[in-house]
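Asker: My structure is below; once you've seen it, I'll send some questions.
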Amino acid sequence: MPFRRKKNDDEEETLIPRKAASLSNLAAALDISERADEFGIDFNATSLKLQGTELKFVNGKWRNEGATREEVDMVIKDNECLSQENEMLKLKIEILVDMLTESTVESQILEKERDLAIRNGQPCSTTASQTTWNKCS
């Protein structure tokens with residue numbers, strides 16, 4: 001039941017907030033060094049072991065502790081090659097999208113010309129760009 005306070009008969013009742021009690025007594029019973037020993041809290045370098053390779057997080061970067069310089073150089077070279085290949089593929093995709101856009105616009109223009117010619121009753125004229133439209137109807 002919450003504590004209520006009523007100042008006057010004219011004012012509404014107001015609730016008095018309570019202090020929240022901690023649900024855990026571990027924080028009060030242990031100091032920082034005891035908590036670190038008890039729960040295994042270690043604020044040194046964070047390490048991660050994946051498929052036999054150990055990585056350590058030092059100064060904001062992941063460091064590979066078990067790799068030789070040759071392995072690191074090989075990975076850097078592979079990374080550069082893959083980055084160049086990725087850029088080339090992005091360029092090819094952009095060119096293909098431009099080509100698709102151009103052919104779509106040409107197709108729409110030809111369809112409009114064909115529809116306009118059919119409405120006007122004029123025979124369609126075949127040009128080099130209209131090889132796909134042999135017949136109007």
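The chains in the structure tokens are called A, B, ... from first to last as shown; in each chain the residues are counted from 1, and the ligands are counted from 1 in the order shown.
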Please provide the set of residues having any atom within 9 Å of segment 66-74 of chain A, restricted to only C-alpha atoms, with same-chain residues fewer than 2 positions apart removed, written as a list in words.
Answerer: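 These residues fall inside the cut-off: Thr53, Glu54, Leu55, Asn64, Ile76, Lys77, Asp78 and Asn79 of chain A.
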Asker: Can you list, as a list in words, every residue of segment 45-94 of chain A that DSSP puts in strand (DSSP E or B)?
Answerer: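 Strand (DSSP E or B) assignments inside segment 45-94 of chain A correspond to Thr46, Ser47, Leu48, Lys49, Leu50, Thr53, Glu54, Leu55, Lys56, Phe57, Val58, Lys61, Trp62, Arg63 and Asn64 of chain A.
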Asker: Write the residues of the selection above to a file with N, CA, C and O atoms, as a tab-separated table (two decimals), in the first residue's frame.
Answerer:
```
chain	number	residue	atom	x	y	z
A	46	THR	N	40.79	-8.35	-23.88
A	46	THR	CA	39.78	-9.34	-24.19
A	46	THR	C	40.33	-10.26	-25.26
A	46	THR	O	40.92	-9.82	-26.24
A	47	SER	N	40.15	-11.55	-25.09
A	47	SER	CA	40.67	-12.50	-26.07
A	47	SER	C	39.54	-13.38	-26.57
A	47	SER	O	38.54	-13.60	-25.89
A	48	LEU	N	39.73	-13.89	-27.79
A	48	LEU	CA	38.74	-14.72	-28.46
A	48	LEU	C	39.48	-15.81	-29.20
A	48	LEU	O	40.47	-15.55	-29.89
A	49	LYS	N	39.01	-17.05	-29.08
A	49	LYS	CA	39.67	-18.16	-29.75
A	49	LYS	C	38.69	-18.76	-30.76
A	49	LYS	O	37.62	-19.23	-30.40
A	50	LEU	N	39.07	-18.70	-32.05
A	50	LEU	CA	38.25	-19.23	-33.14
A	50	LEU	C	39.08	-20.20	-33.97
A	50	LEU	O	40.10	-19.82	-34.53
A	53	THR	N	42.81	-20.20	-33.63
A	53	THR	CA	43.48	-18.91	-33.73
A	53	THR	C	43.01	-18.03	-32.60
A	53	THR	O	41.82	-17.88	-32.38
A	54	GLU	N	43.95	-17.46	-31.86
A	54	GLU	CA	43.59	-16.60	-30.74
A	54	GLU	C	43.73	-15.13	-31.14
A	54	GLU	O	44.75	-14.71	-31.66
A	55	LEU	N	42.66	-14.38	-30.91
A	55	LEU	CA	42.64	-12.95	-31.20
A	55	LEU	C	42.53	-12.19	-29.89
A	55	LEU	O	41.82	-12.62	-28.99
A	56	LYS	N	43.24	-11.07	-29.79
A	56	LYS	CA	43.17	-10.23	-28.60
A	56	LYS	C	42.77	-8.82	-29.01
A	56	LYS	O	43.23	-8.31	-30.03
A	57	PHE	N	41.91	-8.20	-28.21
A	57	PHE	CA	41.45	-6.84	-28.46
A	57	PHE	C	42.31	-5.90	-27.63
A	57	PHE	O	42.20	-5.84	-26.42
A	58	VAL	N	43.21	-5.17	-28.32
A	58	VAL	CA	44.15	-4.29	-27.64
A	58	VAL	C	44.07	-2.90	-28.29
A	58	VAL	O	44.19	-2.78	-29.52
A	61	LYS	N	41.72	-2.44	-31.36
A	61	LYS	CA	41.91	-3.24	-32.56
A	61	LYS	C	42.12	-4.70	-32.18
A	61	LYS	O	42.68	-5.01	-31.13
A	62	TRP	N	41.65	-5.60	-33.05
A	62	TRP	CA	41.85	-7.02	-32.84
A	62	TRP	C	43.23	-7.40	-33.36
A	62	TRP	O	43.59	-7.08	-34.50
A	63	ARG	N	44.01	-8.08	-32.55
A	63	ARG	CA	45.36	-8.51	-32.91
A	63	ARG	C	45.39	-10.04	-32.93
A	63	ARG	O	44.88	-10.69	-32.03
A	64	ASN	N	46.04	-10.58	-33.96
A	64	ASN	CA	46.20	-12.02	-34.06
A	64	ASN	C	47.52	-12.40	-33.41
A	64	ASN	O	48.59	-12.00	-33.86
```
